[in-house]
Structures are given as C-alpha cells and as structure tokens.
$ cat protein_27.cif   # mmCIF, C-alpha atoms
data_upload
#
loop_
_atom_site.label_atom_id
_atom_site.label_comp_id
_atom_site.auth_asym_id
_atom_site.auth_seq_id
_atom_site.Cartn_x
_atom_site.Cartn_y
_atom_site.Cartn_z
CA MET A 16 113.67 42.51 73.02
CA PHE A 17 111.82 39.98 75.05
CA ASP A 18 109.32 39.40 77.81
CA LEU A 19 109.34 35.91 79.15
CA PRO A 20 107.07 34.47 81.82
CA SER A 21 108.83 33.33 84.99
CA GLU A 22 106.09 31.79 87.07
CA THR A 23 106.87 28.12 87.02
CA LYS A 24 110.22 26.35 87.38
CA ARG A 25 109.94 25.23 83.79
CA GLU A 26 109.53 28.81 82.58
CA MET A 27 112.48 30.00 84.65
CA ARG A 28 114.61 27.25 83.12
CA ASP A 29 113.51 28.17 79.59
CA TYR A 30 114.42 31.76 80.30
CA ARG A 31 117.91 30.88 81.56
CA ILE A 32 118.62 28.69 78.55
CA PHE A 33 117.39 31.36 76.15
CA ARG A 34 119.51 34.09 77.72
CA LYS A 35 122.57 31.88 77.74
CA SER A 36 122.18 30.98 74.09
CA LEU A 37 121.84 34.66 73.22
CA LEU A 38 125.22 35.27 74.86
CA GLU A 39 126.69 32.21 73.13
CA ASN A 40 125.68 33.65 69.79
CA GLY A 41 127.47 36.88 70.53
CA PHE A 42 124.59 39.05 71.72
CA VAL A 43 125.40 41.66 74.33
CA MET A 44 122.98 43.04 76.89
CA LEU A 45 122.19 46.68 76.20
CA GLN A 46 119.81 46.92 79.12
CA TYR A 47 117.44 44.47 80.81
CA SER A 48 115.67 42.29 78.23
CA ILE A 49 117.30 44.11 75.31
CA TYR A 50 120.22 42.45 73.54
CA TYR A 51 122.10 43.49 70.44
CA ARG A 52 124.71 42.14 68.09
CA SER A 53 126.56 43.85 65.22
CA LEU A 54 126.95 41.99 61.93
CA PRO A 55 129.04 42.70 58.85
CA ASN A 56 126.46 42.17 56.09
CA ARG A 57 122.86 41.42 55.20
CA SER A 58 123.26 37.72 54.62
CA SER A 59 124.46 37.20 58.16
CA LEU A 60 121.38 39.04 59.46
CA LYS A 61 119.25 36.29 57.92
CA LYS A 62 121.50 33.64 59.42
CA TYR A 63 121.04 35.01 62.92
CA GLU A 64 117.33 35.46 62.36
CA SER A 65 116.95 31.76 61.74
CA ILE A 66 119.17 30.91 64.72
CA LEU A 67 116.97 33.06 66.97
CA LYS A 68 113.79 31.48 65.60
CA ARG A 69 115.09 28.12 66.76
CA LEU A 70 115.99 29.41 70.22
CA VAL A 71 112.83 31.22 71.34
CA PRO A 72 111.03 29.49 74.19
CA PRO A 73 107.28 28.82 73.89
CA GLY A 74 104.92 31.20 75.61
CA GLY A 75 107.12 34.25 75.47
CA ASN A 76 107.05 37.53 73.65
CA VAL A 77 110.21 38.06 71.65
CA ARG A 78 110.87 40.72 69.01
CA LEU A 79 113.70 41.26 66.58
CA LEU A 80 114.55 44.61 65.01
CA TYR A 81 117.20 45.37 62.40
CA VAL A 82 118.93 48.70 62.89
CA SER A 83 121.67 50.12 60.70
CA GLU A 84 125.04 50.98 62.18
CA THR A 85 124.40 54.71 61.81
CA GLN A 86 120.97 54.48 63.42
CA PHE A 87 122.48 52.58 66.33
CA GLN A 88 125.23 55.16 66.74
CA ASP A 89 122.68 57.99 66.63
CA MET A 90 120.66 56.58 69.49
CA ILE A 91 119.93 59.40 71.94
CA LEU A 92 120.78 58.75 75.57
CA LEU A 93 118.33 60.49 77.89
CA ALA A 94 119.83 59.16 81.10
CA GLY A 95 122.87 57.03 81.84
CA SER A 96 125.84 56.61 79.54
CA ARG A 97 127.22 54.27 76.91
CA SER A 98 129.07 51.27 78.29
CA ARG A 99 132.79 50.86 77.62
CA GLN A 100 131.91 47.68 75.73
CA GLU A 101 129.77 49.72 73.32
CA GLU A 102 132.48 52.31 72.85
CA ILE A 103 135.44 50.00 72.39
CA VAL A 104 133.97 46.95 70.71
CA GLY A 105 130.77 48.32 69.14
CA ALA A 106 130.74 47.65 65.40
CA ASN A 107 134.45 48.38 64.91
CA ARG A 108 136.48 46.33 62.50
CA LEU A 109 139.63 47.10 64.43
CA VAL A 110 139.15 46.70 68.17
CA VAL A 111 141.96 48.21 70.23
CA ILE A 112 142.04 47.23 73.89
CA MET B 15 133.54 34.48 58.66
CA GLY B 16 135.14 36.92 61.02
CA PHE B 17 135.53 40.60 60.30
CA ARG B 18 137.24 41.94 63.38
CA THR B 19 140.88 42.43 64.22
CA VAL B 20 141.48 42.64 67.95
CA PHE B 21 144.58 44.37 69.22
CA VAL B 22 145.34 43.90 72.90
CA LYS B 23 148.11 45.88 74.57
CA ASN B 24 149.06 44.82 78.10
CA GLY B 25 145.85 42.93 78.69
CA GLU B 26 145.54 40.76 81.79
CA THR B 27 143.74 37.60 80.71
CA LEU B 28 142.02 36.20 77.67
CA ARG B 29 139.32 33.67 78.41
CA VAL B 30 136.44 31.85 76.78
CA LYS B 31 133.02 32.86 78.02
CA LEU B 32 130.07 31.20 76.31
CA ASP B 33 131.72 31.16 72.87
CA ASN B 34 132.91 34.71 73.33
CA LEU B 35 136.39 35.96 73.92
CA GLU B 36 136.52 37.79 77.23
CA ILE B 37 139.40 40.19 77.66
CA SER B 38 140.15 41.79 80.99
CA LYS B 39 142.30 44.86 81.34
CA ASN B 40 142.52 47.23 84.30
CA ARG B 41 139.48 45.61 85.93
CA GLU B 42 137.38 46.22 82.83
CA TYR B 43 135.89 43.35 80.87
CA PHE B 44 135.18 43.22 77.16
CA VAL B 45 133.46 40.41 75.31
CA ILE B 46 133.74 39.78 71.59
CA PRO B 47 132.00 36.85 69.85
CA LEU B 48 134.58 34.35 68.59
CA SER B 49 132.78 34.02 65.27
CA ASP B 50 133.32 37.74 64.63
CA ILE B 51 137.07 37.63 65.13
CA GLU B 52 139.53 37.29 62.31
CA SER B 53 142.77 37.86 64.17
CA VAL B 54 144.07 38.70 67.62
CA ILE B 55 147.30 40.60 68.11
CA LEU B 56 148.92 40.57 71.53
CA GLU B 57 151.46 43.13 72.64
CA GLY B 58 153.15 43.47 76.01
CA GLU B 59 154.32 40.58 78.13
CA GLN B 60 151.79 40.35 80.94
CA THR B 61 148.83 38.76 79.16
CA SER B 62 147.96 35.24 80.23
CA ILE B 63 146.08 32.93 77.96
CA SER B 64 144.54 29.49 78.47
CA SER B 65 144.95 26.43 76.29
CA ARG B 66 141.17 26.32 76.03
CA ILE B 67 141.08 29.67 74.24
CA LEU B 68 143.91 28.55 71.94
CA ALA B 69 141.87 25.51 70.91
CA LYS B 70 138.86 27.76 70.27
CA PHE B 71 141.02 30.08 68.17
CA ALA B 72 142.10 27.14 66.03
CA GLN B 73 138.50 25.94 65.55
CA TYR B 74 137.31 29.37 64.51
CA HIS B 75 140.31 29.95 62.18
CA ILE B 76 141.41 32.88 64.30
CA GLU B 77 145.07 33.71 63.96
CA LEU B 78 146.94 34.80 67.04
CA ILE B 79 149.96 37.03 66.58
CA VAL B 80 152.30 37.53 69.51
CA CYS B 81 154.68 40.48 69.57
CA ASP B 82 158.09 40.57 71.25
CA SER B 83 159.51 43.24 73.56
CA LYS B 84 160.39 45.40 70.54
CA TYR B 85 156.71 45.28 69.52
CA LEU B 86 157.52 43.33 66.38
CA PRO B 87 155.33 40.33 65.58
CA ALA B 88 157.34 37.31 66.74
CA GLY B 89 155.05 34.35 66.22
CA VAL B 90 151.76 33.19 64.76
CA PHE B 91 149.46 30.54 66.10
CA LEU B 92 147.23 28.85 63.53
CA GLY B 93 144.86 25.92 63.57
CA LEU B 94 145.71 22.88 61.51
CA GLY B 95 143.47 20.42 59.73
CA GLN B 96 140.28 22.36 60.38
CA TYR B 97 139.44 22.30 56.69
CA HIS B 98 136.92 19.59 55.86
CA ARG B 99 139.00 17.87 53.19
CA SER B 100 142.52 18.68 54.29
CA ALA B 101 144.02 15.29 53.36
CA LYS B 102 142.74 15.62 49.78
CA ARG B 103 144.22 19.09 49.48
CA ALA B 104 147.54 17.98 50.97
CA ILE B 105 147.93 15.06 48.54
CA TRP B 106 146.94 17.28 45.62
CA GLN B 107 149.36 19.96 46.72
CA SER B 108 152.31 17.60 47.02
CA ASN B 109 151.66 16.46 43.45
CA TRP B 110 152.03 19.90 41.86
CA THR B 111 154.46 19.65 38.98
CA GLU B 112 157.56 21.78 38.68
CA GLU B 113 156.16 23.41 35.56
CA GLN B 114 152.86 24.33 37.22
CA LYS B 115 154.68 25.91 40.12
CA GLN B 116 157.02 27.91 37.94
CA ALA B 117 154.17 29.17 35.75
CA LEU B 118 152.35 30.49 38.82
CA TRP B 119 155.53 31.97 40.26
CA THR B 120 156.18 33.87 37.02
CA VAL B 121 152.74 35.49 37.23
CA ILE B 122 153.07 36.28 40.93
CA ILE B 123 156.46 37.91 40.46
CA LEU B 124 155.31 39.88 37.42
CA ARG B 125 152.44 41.32 39.48
CA LYS B 126 154.83 42.22 42.26
CA ILE B 127 157.20 43.99 39.86
CA ASN B 128 154.26 45.82 38.26
CA ASN B 129 153.20 47.08 41.66
CA GLN B 130 156.74 48.09 42.57
CA ILE B 131 157.00 50.12 39.38
CA ALA B 132 153.55 51.64 39.93
CA PHE B 133 154.51 52.75 43.44
CA SER B 134 157.82 54.15 42.17
CA GLU B 135 155.93 56.19 39.61
CA ILE B 136 153.64 57.59 42.29
CA ALA B 137 156.65 58.41 44.50
CA ASN B 138 158.32 60.31 41.62
CA VAL B 139 161.39 58.14 41.34
CA ASP B 140 163.92 59.26 38.68
CA GLU B 141 162.91 58.47 35.12
CA GLU B 142 166.22 56.68 34.59
CA ARG B 143 165.60 54.24 37.43
CA LEU B 144 162.05 53.57 36.28
CA GLU B 145 163.45 52.69 32.88
CA THR B 146 165.94 50.30 34.51
CA MET B 147 163.13 48.53 36.33
CA LYS B 148 160.96 48.34 33.23
CA GLU B 149 163.93 46.97 31.27
CA LEU B 150 164.43 44.28 33.92
CA ARG B 151 160.71 43.46 33.79
CA LYS B 152 160.94 42.89 30.04
CA ASN B 153 163.60 40.26 30.57
CA LEU B 154 161.50 38.24 33.01
CA LYS B 155 161.83 34.61 31.98
CA PHE B 156 159.69 31.58 32.75
CA GLY B 157 160.06 30.69 36.42
CA ASP B 158 162.20 33.83 36.86
CA GLU B 159 165.35 31.77 36.30
CA SER B 160 167.50 34.89 35.92
CA ASN B 161 166.22 36.25 39.27
CA ARG B 162 164.85 39.52 37.87
CA GLU B 163 162.86 39.79 41.10
CA GLY B 164 166.00 40.36 43.14
CA HIS B 165 167.44 42.86 40.68
CA VAL B 166 164.26 44.91 40.53
CA ALA B 167 163.99 44.85 44.32
CA LYS B 168 167.50 46.27 44.64
CA VAL B 169 166.84 49.16 42.26
CA TYR B 170 163.45 49.68 43.89
CA PHE B 171 164.69 49.92 47.49
CA ASN B 172 167.68 52.04 46.54
CA SER B 173 165.42 54.47 44.65
CA HIS B 174 163.14 54.89 47.63
CA PHE B 175 165.54 54.95 50.54
CA GLY B 176 168.94 55.90 49.08
CA LEU B 177 171.90 53.97 47.70
CA GLY B 178 173.31 52.72 50.99
CA PHE B 179 170.01 51.18 52.07
CA THR B 180 169.70 47.54 53.02
CA ARG B 181 166.79 45.70 54.61
CA GLU B 182 169.03 44.90 57.59
CA ASP B 183 169.44 48.52 58.76
CA ASP B 184 167.93 49.62 62.05
CA SER B 185 165.81 52.41 60.56
CA LEU B 186 162.19 53.52 60.69
CA PRO B 187 161.29 52.37 57.14
CA ASN B 188 162.68 48.93 57.95
CA ALA B 189 160.81 48.74 61.23
CA CYS B 190 157.59 49.69 59.42
CA MET B 191 158.18 47.12 56.70
CA ASP B 192 159.05 44.37 59.16
CA TYR B 193 155.90 45.08 61.11
CA GLY B 194 153.66 45.59 58.09
CA TYR B 195 154.87 42.51 56.23
CA ALA B 196 154.44 40.41 59.36
CA ILE B 197 150.80 41.51 59.58
CA VAL B 198 150.18 40.71 55.91
CA ARG B 199 152.04 37.41 56.21
CA ALA B 200 150.03 36.31 59.22
CA GLN B 201 146.75 37.17 57.52
CA MET B 202 147.83 35.34 54.37
CA ALA B 203 148.85 32.31 56.45
CA ARG B 204 145.40 32.31 57.95
CA CYS B 205 143.74 32.33 54.53
CA VAL B 206 146.01 29.55 53.25
CA VAL B 207 145.35 27.29 56.23
CA ALA B 208 141.61 28.00 56.19
CA GLN B 209 141.50 26.66 52.61
CA GLY B 210 143.21 23.44 53.69
CA LEU B 211 146.52 24.14 51.97
CA LEU B 212 149.80 23.24 53.61
CA PRO B 213 151.68 26.50 54.20
CA MET B 214 155.10 24.79 54.08
CA LEU B 215 154.85 23.56 50.48
CA GLY B 216 155.53 26.60 48.33
CA VAL B 217 155.73 27.21 44.59
CA PHE B 218 159.08 28.99 44.75
CA HIS B 219 160.26 29.34 48.34
CA ARG B 220 161.56 25.98 49.49
CA ASN B 221 163.49 26.72 52.65
CA GLU B 222 163.30 23.57 54.75
CA TYR B 223 163.30 25.60 57.97
CA ASN B 224 160.41 27.81 56.92
CA SER B 225 156.91 26.54 57.62
CA PHE B 226 155.34 29.36 55.59
CA ASN B 227 156.92 28.89 52.16
CA LEU B 228 153.62 29.07 50.30
CA VAL B 229 152.56 32.12 52.29
CA ASP B 230 155.79 33.90 51.39
CA ASP B 231 155.16 33.11 47.72
CA LEU B 232 151.59 34.30 47.71
CA MET B 233 152.09 37.53 49.63
CA GLU B 234 154.64 38.99 47.18
CA PRO B 235 152.20 41.22 45.20
CA PHE B 236 150.92 42.68 48.48
CA ARG B 237 154.34 43.93 49.62
CA PRO B 238 154.40 47.04 47.37
CA LEU B 239 150.86 47.83 48.55
CA MET B 240 152.14 47.83 52.10
CA ASP B 241 155.16 49.93 51.04
CA TYR B 242 152.83 52.48 49.49
CA TYR B 243 150.62 52.48 52.58
CA ILE B 244 153.63 52.99 54.87
CA HIS B 245 154.84 55.79 52.64
CA ARG B 246 151.44 57.49 52.72
CA GLU B 247 150.44 57.01 56.35
CA ILE B 248 153.60 56.82 58.43
CA LEU B 249 156.71 58.18 56.74
CA THR B 250 154.97 61.52 56.15
CA LYS B 251 154.77 62.01 59.92
CA GLU B 252 157.79 63.32 61.80
CA ASP B 253 158.22 60.22 63.98
CA LYS B 254 161.68 58.91 64.77
CA TYR B 255 160.61 55.37 65.67
CA LEU B 256 157.63 53.07 65.23
CA THR B 257 155.05 54.50 67.65
CA TYR B 258 151.98 52.85 69.16
CA ASP B 259 149.68 54.84 66.86
CA SER B 260 151.73 53.85 63.83
CA ARG B 261 151.53 50.19 64.78
CA ILE B 262 147.73 50.41 65.03
CA GLN B 263 147.74 52.20 61.69
CA LEU B 264 149.75 49.38 60.12
CA ILE B 265 147.33 46.77 61.45
CA ASP B 266 144.50 48.82 59.97
CA PHE B 267 146.01 48.13 56.54
CA LEU B 268 143.84 45.00 56.48
CA ASN B 269 140.73 47.19 56.78
CA GLN B 270 141.60 49.36 53.79
CA LYS B 271 139.71 48.83 50.58
CA ILE B 272 140.88 47.71 47.18
CA LYS B 273 138.98 47.46 43.91
CA ILE B 274 138.74 43.91 42.61
CA LYS B 275 136.60 43.24 39.53
CA ASN B 276 135.02 46.69 39.91
CA LYS B 277 133.93 46.05 43.48
CA LYS B 278 135.47 47.71 46.51
CA ILE B 279 136.34 45.12 49.14
CA TYR B 280 138.47 45.04 52.27
CA ILE B 281 142.06 43.84 51.91
CA ASN B 282 141.53 40.94 54.31
CA GLN B 283 138.56 39.74 52.23
CA CYS B 284 140.60 40.26 49.09
CA MET B 285 143.31 37.95 50.46
CA ILE B 286 140.78 35.16 50.95
CA ASP B 287 139.51 35.60 47.38
CA TYR B 288 143.11 35.69 46.19
CA VAL B 289 143.96 32.35 47.82
CA ILE B 290 140.78 30.80 46.40
CA SER B 291 141.72 32.10 42.94
CA PHE B 292 145.20 30.62 43.41
CA ILE B 293 143.67 27.20 44.07
CA LYS B 294 141.56 27.57 40.96
CA ALA B 295 144.58 28.57 38.88
CA MET B 296 146.37 25.45 40.08
CA GLU B 297 143.39 23.19 39.44
CA LYS B 298 142.77 24.50 35.93
CA ASN B 299 146.50 24.69 35.27
CA ASP B 300 146.07 28.26 34.07
CA PRO B 301 147.81 31.13 35.91
CA ALA B 302 145.33 33.58 34.35
CA TYR B 303 142.81 32.64 37.04
CA LEU B 304 144.98 34.24 39.72
CA LEU B 305 143.36 37.42 41.00
CA ASP B 306 145.20 40.54 39.87
CA ILE B 307 146.31 42.60 42.85
CA ASP B 308 146.96 45.99 41.33
CA LEU B 309 148.42 48.88 43.33
CA ILE B 310 146.46 51.41 41.25
CA ASN B 311 143.19 49.80 42.35
CA PHE B 312 144.35 50.21 45.93
CA VAL B 313 145.39 53.85 45.49
CA GLU B 314 141.99 54.66 43.97
CA CYS B 315 140.18 53.54 47.10
CA GLU B 316 141.96 55.97 49.42
CA GLY B 317 139.63 57.43 52.03
CA LYS B 318 137.13 54.55 51.42
#
$ encode --input "protein_27.cif" --output "structure tokens"
Amino acid sequence: MFDLPSETKREMRDYRIFRKSLLENGFVMLQYSIYYRSLPNRSSLKKYESILKRLVPPGGNVRLLYVSETQFQDMILLAGSRSRQEEIVGANRLVVI
Amino acid sequence: MGFRTVFVKNGETLRVKLDNLEISKNREYFVIPLSDIESVILEGEQTSISSRILAKFAQYHIELIVCDSKYLPAGVFLGLGQYHRSAKRAIWQSNWTEEQKQALWTVIILRKINNQIAFSEIANVDEERLETMKELRKNLKFGDESNREGHVAKVYFNSHFGLGFTREDDSLPNACMDYGYAIVRAQMARCVVAQGLLPMLGVFHRNEYNSFNLVDDLMEPFRPLMDYYIHREILTKEDKYLTYDSRIQLIDFLNQKIKIKNKKIYINQCMIDYVISFIKAMEKNDPAYLLDIDLINFVECEGK
C-alpha cells in the first residue's frame, strides 16, 4: 500500500520508477495503490521485504503487510468482483490457462 | 526458485512484460512473474512465442514443454550453461569411472524394482508373480549385468495390464504412461541442467542419439510412482481416451507430496533434492548418499 507525492516532476518520476519495479518483481495491482504478490514460503517473504526496502522512494508513505493465503482468499468483496487474474493465477501451484 | 507449473491450451501469444510472462487468450491477459515459474506446458498449435521469452525462460531455468497434435509432449526447451560453474561440472562428469557409474546404476535400479514390487502389492497382483519379481530382485548383480531390470519390467507390466500387453500398444494405459513419463522426464531434465550437469552423459543409458541419457537414468525410481498415480487417479475413471482433465491431472503429479526424511515435500522439490543427492553420491563415491524414493512414502501422503 502506498501514497506517494506527485507534485514535482522529480516526484512523478520516482513514482513511475517505483511502480514499474513493483511490476518487475511480480507484484500485481489489486486496486489503485495496493499491490500484492503470492510467495511459496517464509524465507522468500524476507527476500522481497529487503527488495522493497531498497526500492521505496524518499518522501512517500509505503506499507507492507503479510497475509496468509487463507486470509487473502477469505477477503470479503463489498462491491465489484475478483479479477480473472486473481481467480486463475492467484496462489495456485498449477495454473491452467 | 519457481513453484508454479503453467499449462496453456490454445493460447494466443506469450510475451515478456517487465520480467513477467504475459499470456493472452481470448482477449484476456494474465501475468505471472518469471521467477515464480518452474515449467510451462503448451498445448494446441496456435500459440506464438518470441525468441525473447525463450531466452528469459533459459535464464530463469524454466522448462518449456511443447505438445503435438495428439496432446503428447513432443519436445523440451532447456537453458544451457546457466549454472555458475558448468565447465567444472562437465569435466568432472566426463571423468566418472565405469565402476562409479555402475555402482550408482545398481542402486537406482534396485530402488525402481522395489517400487515396482510395492505398487504390485498394493494393486493385489498374484502372489506367484510377486514371488517371481522378488526372486529376480535377489539376483540383481553389480551394474545389473544380467539385465534383471528388463525381466522385472516384463513381469510387472504383464501382471498389471495382461499377458499380451506391450508398451507399443495404442491403449489408454500407454497413453497415460507416455504423457506422465514425459512430464517427469522434462522436470528431471530441468533439475539436472539447473545443477550444471550434462544431460547427455548418463551412468547407464548411452544412446548416442539421446541427449537425455542421464535424465533417463535418474528418473527410473519415479516411474512406478507415476504408474501408481495413474492407476489411482485416471484408470479408475471410465474414460476411453486421455481427456483434457486427465492430462491436467497428470501434470499435477508434480504437485503431489512425498515423505522424504520424515518431511512432506512436493515431488518437484523432491526431484531437485534427488539430483543434488546424486551429485553428492558421485563426489563421495558412495551410492548410499542417493535419496531413497520410496513408493510407500508417496502413498502415505495421499490427500496431502
């Protein structure tokens, strides 16, 4: 989850680079400013934590939250629906497209 | 290390998008991080693929399996020389002595026969035939010079599928085995290459036209596991041919669990550990280091 300032050109650039590197590292947009990524085990959580720490731009507000697979699946949708990406890729070990 | 198997049927294009694999099908787009992917299986003949994504697959040790019009895996694409000390491994591997190779082969084949007998026991094969197989196992010599492997295999297949059965028949069990073995073989090839070994230099198989001799050696103990899995998941259904669902089921073999050293792990992980243990056994010159792949430990983990 992040809030990044976008007043100056410099800030806009920082934002673009940050978002791009999130995608490069396999994060998927859940909704605006909220990105998620599923990982197979605890040690890789730590790995991605340190990657993210390196990527965050100065002057922003960025948060990271670990959620278990079950908790993520149990998320209640009050409006809108799950994306096809979430349904088909999600945290599945076998992805059938 | 990847953990996902991606199966694409009649996809349109596969592309790289910011270190992700982007798959488009029926105007829908799916992205999967390359670092998550272990293997990609393509079915249907309309998918187009760029050389850029092939290079990425090689870098990330992702195996690509392409199926033919009969849905059987026809080819594997694997990266080469992506291991950090591949030259060292290659020189070491070409210096294996005949004795070392035969010692390892004896262990591998013994494990395979054990698993074949274990599966036959589960499938309630006649006592008499079990005895024949056990008798043949007793006579296993160093390097299997009397080819007990072949004799056991004959009794084994005939006990399960009838006396007239050969592996060349056009039947459902054969289709399942061809498909299932191809999936195991491709995964094993991936593990072998990822450890910097040359897949063409085997310990027993030495066919000069086969670039996967070592893979064919190493996968032997896994074959009866696949047989058991086919028997449990597919042959119990009333299908006449290898259906789409059955093919997916066979691919999912790699996501089943097996108990190794009292820990339940996925088969694909187990294959990596197995290849690493093989390297260790070769280095220490002691076949006892080779991981024991036991069918019973696989049966126990049914239903995860």
$ atom_distance --input "protein_27.cif" --atom1 "CA of Arg261 (chain B)" --atom2 "CA of Ile197 (chain B)"
10.1 Å
$ resolve_selection --input "protein_27.cif" --expression "the PyMOL selection byres ((chain B) within 9 of (chain A))" --output "list in words"
Gly16, Phe17, Arg18, Thr19, Val20, Phe21, Val22, Lys23, Asn24, Gly25, Lys31, Leu32, Asp33, Asn34, Ile37, Lys39, Glu42, Tyr43, Phe44, Val45, Ile46, Pro47, Leu48, Ser49, Asp50, Ile262, Ile265, Asp266 and Asn269 of chain B
$ residues_around --input "protein_27.cif" --residues "region 246-259 of chain B" --least-positions-apart "6" --cutoff "9 Å" --atoms "only C-alpha atoms" --output "NGL selection string"
:B and (85 or 185-187 or 189-190)
$ atom_distance --input "protein_27.cif" --atom1 "CA of Ala88 (chain B)" --atom2 "CA of Ile290 (chain B)"
27.0 Å
$ residues_around --input "protein_27.cif" --residues "Trp106 (chain B)" --least-positions-apart "6" --cutoff "10 Å" --atoms "only C-alpha atoms" --output "list in words"
Ser100, Leu211, Met296 and Glu297 of chain B
$ write_last_selection --input "protein_27.cif" --atoms "C-alpha atoms" --output "short mmCIF file (atom, residue, chain, number, x, y, z; two decimals), keeping the file's coordinate frame"
data_model
loop_
_atom_site.label_atom_id
_atom_site.label_comp_id
_atom_site.auth_asym_id
_atom_site.auth_seq_id
_atom_site.Cartn_x
_atom_site.Cartn_y
_atom_site.Cartn_z
CA SER B 100 142.52 18.68 54.29
CA LEU B 211 146.52 24.14 51.97
CA MET B 296 146.37 25.45 40.08
CA GLU B 297 143.39 23.19 39.44
#
$ resolve_selection --input "protein_27.cif" --expression "the PyMOL selection byres ((chain B and resi 212) around 9)" --output "list in words"
Leu94, Ser100, Arg103, Ala104, Gln107, Val206, Val207, Gly210, Leu211, Pro213, Met214, Leu215, Gly216, Ser225, Phe226 and Leu228 of chain B
$ resolve_selection --input "protein_27.cif" --expression "the PyMOL selection byres ((chain B and resi 90) around 12)" --output "compact mmCIF listing (two decimals) with C-alpha atoms, in the coordinates of the input"
# COMPACT_ATOMS: atom_id res chain seq x y z
CA SER B 53 142.77 37.86 64.17
CA VAL B 54 144.07 38.70 67.62
CA ILE B 55 147.30 40.60 68.11
CA LEU B 56 148.92 40.57 71.53
CA LEU B 68 143.91 28.55 71.94
CA PHE B 71 141.02 30.08 68.17
CA ALA B 72 142.10 27.14 66.03
CA ILE B 76 141.41 32.88 64.30
CA GLU B 77 145.07 33.71 63.96
CA LEU B 78 146.94 34.80 67.04
CA ILE B 79 149.96 37.03 66.58
CA VAL B 80 152.30 37.53 69.51
CA CYS B 81 154.68 40.48 69.57
CA ASP B 82 158.09 40.57 71.25
CA LEU B 86 157.52 43.33 66.38
CA PRO B 87 155.33 40.33 65.58
CA ALA B 88 157.34 37.31 66.74
CA GLY B 89 155.05 34.35 66.22
CA PHE B 91 149.46 30.54 66.10
CA LEU B 92 147.23 28.85 63.53
CA GLY B 93 144.86 25.92 63.57
CA ALA B 196 154.44 40.41 59.36
CA ILE B 197 150.80 41.51 59.58
CA VAL B 198 150.18 40.71 55.91
CA ARG B 199 152.04 37.41 56.21
CA ALA B 200 150.03 36.31 59.22
CA GLN B 201 146.75 37.17 57.52
CA MET B 202 147.83 35.34 54.37
CA ALA B 203 148.85 32.31 56.45
CA ARG B 204 145.40 32.31 57.95
CA SER B 225 156.91 26.54 57.62
CA PHE B 226 155.34 29.36 55.59
$ residues_around --input "protein_27.cif" --residues "region 141-158 of chain B" --least-positions-apart "3" --cutoff "10 Å" --atoms "only C-alpha atoms" --output "PDB file with C-alpha atoms, in the frame of the given file"
ATOM      1  CA  GLU B 112     157.560  21.780  38.680  1.00  0.00           C
ATOM      2  CA  GLU B 113     156.160  23.410  35.560  1.00  0.00           C
ATOM      3  CA  GLN B 114     152.860  24.330  37.220  1.00  0.00           C
ATOM      4  CA  LYS B 115     154.680  25.910  40.120  1.00  0.00           C
ATOM      5  CA  GLN B 116     157.020  27.910  37.940  1.00  0.00           C
ATOM      6  CA  ALA B 117     154.170  29.170  35.750  1.00  0.00           C
ATOM      7  CA  LEU B 118     152.350  30.490  38.820  1.00  0.00           C
ATOM      8  CA  TRP B 119     155.530  31.970  40.260  1.00  0.00           C
ATOM      9  CA  THR B 120     156.180  33.870  37.020  1.00  0.00           C
ATOM     10  CA  VAL B 121     152.740  35.490  37.230  1.00  0.00           C
ATOM     11  CA  ILE B 123     156.460  37.910  40.460  1.00  0.00           C
ATOM     12  CA  LEU B 124     155.310  39.880  37.420  1.00  0.00           C
ATOM     13  CA  ILE B 127     157.200  43.990  39.860  1.00  0.00           C
ATOM     14  CA  ASN B 128     154.260  45.820  38.260  1.00  0.00           C
ATOM     15  CA  GLN B 130     156.740  48.090  42.570  1.00  0.00           C
ATOM     16  CA  ILE B 131     157.000  50.120  39.380  1.00  0.00           C
ATOM     17  CA  ALA B 132     153.550  51.640  39.930  1.00  0.00           C
ATOM     18  CA  SER B 134     157.820  54.150  42.170  1.00  0.00           C
ATOM     19  CA  GLU B 135     155.930  56.190  39.610  1.00  0.00           C
ATOM     20  CA  ASN B 138     158.320  60.310  41.620  1.00  0.00           C
ATOM     21  CA  ASN B 161     166.220  36.250  39.270  1.00  0.00           C
ATOM     22  CA  ARG B 162     164.850  39.520  37.870  1.00  0.00           C
ATOM     23  CA  GLU B 163     162.860  39.790  41.100  1.00  0.00           C
ATOM     24  CA  GLY B 164     166.000  40.360  43.140  1.00  0.00           C
ATOM     25  CA  HIS B 165     167.440  42.860  40.680  1.00  0.00           C
ATOM     26  CA  VAL B 166     164.260  44.910  40.530  1.00  0.00           C
ATOM     27  CA  ALA B 167     163.990  44.850  44.320  1.00  0.00           C
ATOM     28  CA  LYS B 168     167.500  46.270  44.640  1.00  0.00           C
ATOM     29  CA  VAL B 169     166.840  49.160  42.260  1.00  0.00           C
ATOM     30  CA  TYR B 170     163.450  49.680  43.890  1.00  0.00           C
ATOM     31  CA  ASN B 172     167.680  52.040  46.540  1.00  0.00           C
ATOM     32  CA  SER B 173     165.420  54.470  44.650  1.00  0.00           C
ATOM     33  CA  VAL B 217     155.730  27.210  44.590  1.00  0.00           C
ATOM     34  CA  PHE B 218     159.080  28.990  44.750  1.00  0.00           C
TER      35      PHE B 218
END
$ closest_residue --input "protein_27.cif" --among "B:His98, B:His174, B:Lys84, B:Arg41" --to "Gly58 (chain B)" --atoms "only C-alpha atoms"
B:Lys84
$ residues_around --input "protein_27.cif" --residues "Lys271 (chain B)" --least-positions-apart "3" --cutoff "10 Å" --atoms "only C-alpha atoms" --output "PyMOL selection string"
chain B and resi 267-268+274+277-284+311-318
$ atom_distance --input "protein_27.cif" --atom1 "CA of Glu26 (chain B)" --atom2 "CA of Glu59 (chain B)"
9.5 Å
$ closest_residue --input "protein_27.cif" --among "B:Ser83, B:Arg99, B:Leu35, B:Asp308" --to "Lys70 (chain B)" --atoms "only C-alpha atoms"
B:Leu35
$ closest_residue --input "protein_27.cif" --among "B:Ala295, B:Ile122, B:Ile272, B:Val139" --to "Gly176 (chain B)" --atoms "all atoms listed in the file"
B:Val139
$ closest_residue --input "protein_27.cif" --among "B:Ile310, B:Ile51, B:Leu28, B:Leu305" --to "Met285 (chain B)" --atoms "all atoms listed in the file"
B:Leu305
$ residues_around --input "protein_27.cif" --residues "region 75-81 of chain A" --least-positions-apart "5" --cutoff "7 Å" --atoms "only C-alpha atoms" --output "list in words"
Met16, Phe17, Asp18, Leu19 and Pro20 of chain A
